[in-house]
Protein chains: 2
Amino acid sequence: MSSRLVQRLGVKLPVIQAPMYNAATPALVAAVAKHGALGSYGAGYTPPDVLRATLTDIVNVVPDKNFNVNLFVDAAPQKDSKEAWDAFEEILTPVRHQLGLDTTPRPFPTSPGKCVLEQQVQVLLDIRPRVVSFCFGVLDPKLIKSCQDFAIVLGTATTVEEAIALEAAGVDGIIAQGSESGGHRGTFLPVVNNADALIGSMSLIPQICDAVQVPVIAAGGIMDRRHMLAAFALGAEMVQVGTAFLTTPECALPPQRKQAIVAAKSSVASTVTRGLTGRHARMLRNPLVDALHPHEEEAASSLLQRQRMADIFKLHDPSYSAMLAGQSHRYCQLQDTVAAVLSRFE
Amino acid sequence: MSSRLVQRLGVKLPVIQAPMYNAATPALVAAVAKHGALGSYGAGYTPPDVLRATLTDIVNVVPDKNFNVNLFVDAAPQKDSKEAWDAFEEILTPVRHQLGLDTTPRPFPTSPGKCVLEQQVQVLLDIRPRVVSFCFGVLDPKLIKSCQDFAIVLGTATTVEEAIALEAAGVDGIIAQGSESGGHRGTFLPVVNNADALIGSMSLIPQICDAVQVPVIAAGGIMDRRHMLAAFALGAEMVQVGTAFLTTPECALPPQRKQAIVAAKSSVASTVTRGLTGRHARMLRNPLVDALHPHEEEAASSLLQRQRMADIFKLHDPSYSAMLAGQSHRYCQLQDTVAAVLSRFE
């Protein structure tokens, strides 16, 4: 493969491991790099000092700094009010009761948490990873330019219009997130109905390739060489792969969650909801999804929901976790190593 | 291309024109056949005598009978009650008022219409087209076997489980309908939420290919050679193409509707609803969709809705029609000929 992007990145395989905030560890990033692809670390809401320490760890094992750090831009408006917090407290009570957790209503947090984006970018300016990607919006063009002193900068689009906006802001490449994708949807431009922004890769990739000049990376449902060759036929230069890495020993998910992913064999096991995390995300349906999806209109912001759900998520019970996974999850195998996953793209 | 299916069909191009009930005319079927692909006629709810006359017309212009006739199997339960009719009458009143149509409530029809499937199959046993396809369920295995005396028989699947059920019933091939597809969703096995059966082609096609032995035809968002090569990389042997033919002179859609399809340039213009036709279908969002989608839980059966909406649909106003189209609709061009559409697959 000799695409523009692969040449610039100097990787052996045209594969980017998806950032998977909270699931992708430095060990996963390092293993992916070792086997010739590009590893990604999801910065998410990580405080700048923690991010600095973690990225320093990664640089220790990936000294050429050929890895990607993903940022949350948080452009879409989300409910950050006491009312939203209280409403969801009530909806969660039966779930907490079911799990034997404390059901005493908790007060609205004095600090609902905040996006620490600018300070995170400051860390990146010091660490200088070779790739910076972002999602949920368009990074300030000035920050994009600063990062381009040392990095290739990639934005995430779920529609053609978002891809055009990202190119106008100056990105070096666009991750086209098809509807097959597991995890959070990057949709940031307004849509009448979020379901309308669930464009399948077969349709989305060539439309984005035709609309922009920069390289396109296909994401969503990609597990092996077949998907990669299809993405290339559609015009993409690389692929981004998430779900395939979830069950690797190098991934931070607890064993009971890995087992649950492998056990989910129905092709209609995944669904898209913002009930669990405040943002639209594709995950495996479980009792928690069934309890919260009907109330997704009342979903508070991601930052509030993280605090409110922390005691539930800490149980790592697959029935009461956000089991983020894409539509090709049936190919996941238990104890699949990173080497085994990447060998399927050779 | 020398796939099993292409060889059996003896077509030049591995392309099936989608049946598109009510839009695909004998002229369209004949033009597609003339240019080396497989044309399809959608029998839908057409009465057996009308179907016989129409298919005779097609045989006159396609004497080798190398075309496909598509049947509705109607497996999923739908609301056929007077209550459902009356509820929808009320929801439609503001739309009728807006359009200057008579808003007098109409009585529940003495015959809500019926599926004439068995008599339609009888017509096929006489006419003997080379291909018979069906959707919305599994055709009775005995009928599949009867048709196999003269035809290749294809079923439509939107999930892996449906593909397995179709193969078990004895079909010769499976049309894998990705979430990108325009028109009606063929989903027939129960799902918790119909949205969960919207599996993108990138994920659906290889999963179905791995689950069955029979050839797979990829459908959904396919407009040119790029999509076709992607579908082949994923394991499909042929592609089914619908939306690309909608704006051809050979297609029966009225000019104002063709113009509206070409004018819809947003990549998030289409949505999936059962509000307009009683069944989940992907169509362009318009004032009629906006009026009826919020009430889709109250949608009566397709047969009742056809009667109830007939006066509205007769206007051919693009704002008040079911503008069925897939997620690649932006590639439609006005007055594109069938020859031009098919040349993009060469």
# chains A, B, ... in the order shown; residues from 1 in each chain; ligands from 1
$ residues_around --residues "Met323 in chain A" --least-positions-apart "5" --cutoff "9 Å" --atoms "only C-alpha atoms" --output "list in words"
Gly183, Arg257, Ala260, Ile261, Ser270, Arg282, Met283, Leu284, Arg285, Asn286 and Pro318 of chain A
$ closest_atom_pairs --of "chain B" --to "chain A" --cutoff "9 Å" --atoms "only C-alpha atoms" --output "Markdown table"
| residue | atom | partner | partner_atom | distance |
| --- | --- | --- | --- | --- |
| B:Thr159 | CA | A:Ser267 | CA | 6.1 |
| B:Val160 | CA | A:Ser267 | CA | 5.9 |
| B:Glu161 | CA | A:Ser267 | CA | 7.2 |
| B:Gly178 | CA | A:Gly200 | CA | 7.8 |
| B:Ser179 | CA | A:Gly200 | CA | 6.3 |
| B:Glu180 | CA | A:Gly200 | CA | 5.5 |
| B:Val191 | CA | A:Val268 | CA | 7.3 |
| B:Val192 | CA | A:Val268 | CA | 8.6 |
| B:Asn193 | CA | A:Thr271 | CA | 8.2 |
| B:Ala195 | CA | A:Thr271 | CA | 7.3 |
| B:Asp196 | CA | A:Thr271 | CA | 5.3 |
| B:Ala197 | CA | A:Val268 | CA | 5.7 |
| B:Leu198 | CA | A:Val268 | CA | 8.4 |
| B:Ile199 | CA | A:Glu180 | CA | 6.7 |
| B:Gly200 | CA | A:Gly200 | CA | 4.7 |
| B:Ser201 | CA | A:Met202 | CA | 6.2 |
| B:Met202 | CA | A:Ser201 | CA | 6.2 |
| B:Ser203 | CA | A:Gly221 | CA | 5.1 |
| B:Leu204 | CA | A:Ser328 | CA | 7.8 |
| B:Pro206 | CA | A:Arg226 | CA | 7.8 |
| B:Gln207 | CA | A:Ser328 | CA | 7.7 |
| B:Gly220 | CA | A:Met202 | CA | 7.8 |
| B:Gly221 | CA | A:Ser203 | CA | 5.1 |
| B:Ile222 | CA | A:Ser203 | CA | 7.3 |
| B:Met223 | CA | A:Ser203 | CA | 8.9 |
| B:Arg225 | CA | A:Ala233 | CA | 8.8 |
| B:Arg226 | CA | A:Leu234 | CA | 5.3 |
| B:His227 | CA | A:Leu234 | CA | 6.2 |
| B:Met228 | CA | A:Ala233 | CA | 8.6 |
| B:Leu229 | CA | A:Ala233 | CA | 6.0 |
| B:Ala230 | CA | A:Ala230 | CA | 3.9 |
| B:Ala231 | CA | A:Ala230 | CA | 6.7 |
| B:Phe232 | CA | A:Ala230 | CA | 7.8 |
| B:Ala233 | CA | A:Ala230 | CA | 5.3 |
| B:Leu234 | CA | A:Arg226 | CA | 5.3 |
| B:Gly235 | CA | A:Arg226 | CA | 7.8 |
| B:Ser266 | CA | A:Glu161 | CA | 7.6 |
| B:Ser267 | CA | A:Val160 | CA | 5.9 |
| B:Val268 | CA | A:Asp196 | CA | 5.3 |
| B:Ala269 | CA | A:Asp196 | CA | 7.3 |
| B:Ser270 | CA | A:Asp196 | CA | 6.3 |
| B:Thr271 | CA | A:Asp196 | CA | 5.3 |
| B:Val272 | CA | A:Asp196 | CA | 7.8 |
| B:Gly326 | CA | A:Ser203 | CA | 8.7 |
| B:Gln327 | CA | A:Ser203 | CA | 6.0 |
| B:Ser328 | CA | A:Ser203 | CA | 5.4 |
| B:Arg330 | CA | A:Gln207 | CA | 8.4 |
| B:Tyr331 | CA | A:Gln207 | CA | 8.7 |
$ closest_residue --among "B:Val69, B:Ala23, B:Leu9, B:Leu92" --to "Tyr41 in chain B" --atoms "only C-alpha atoms"
B:Val69
$ atom_distance --atom1 "CA of Leu13 in chain A" --atom2 "CA of Ser343 in chain A"
9.6 Å
$ residues_around --residues "Gln122 in chain A" --least-positions-apart "3" --cutoff "10 Å" --atoms "only C-alpha atoms" --output "PyMOL selection string"
chain A and resi 48+52+117-119+125-128+143+146-147
$ residues_around --residues "Arg306 in chain A" --least-positions-apart "4" --cutoff "12 Å" --atoms "only C-alpha atoms" --output "PyMOL selection string"
chain A and resi 22+44-45+85+88+109+112-114+275-279+299-302+310-314+321-322
$ atom_distance --atom1 "CA of Thr337 in chain A" --atom2 "CA of Ala30 in chain A"
12.7 Å
$ select_by_dssp --residues "range 36-278 of chain B" --states "alpha helix (DSSP H)" --output "ChimeraX atom specification"
/B:48-61,82-98,117-127,141-147,160-169,201-211,225-233,255-263
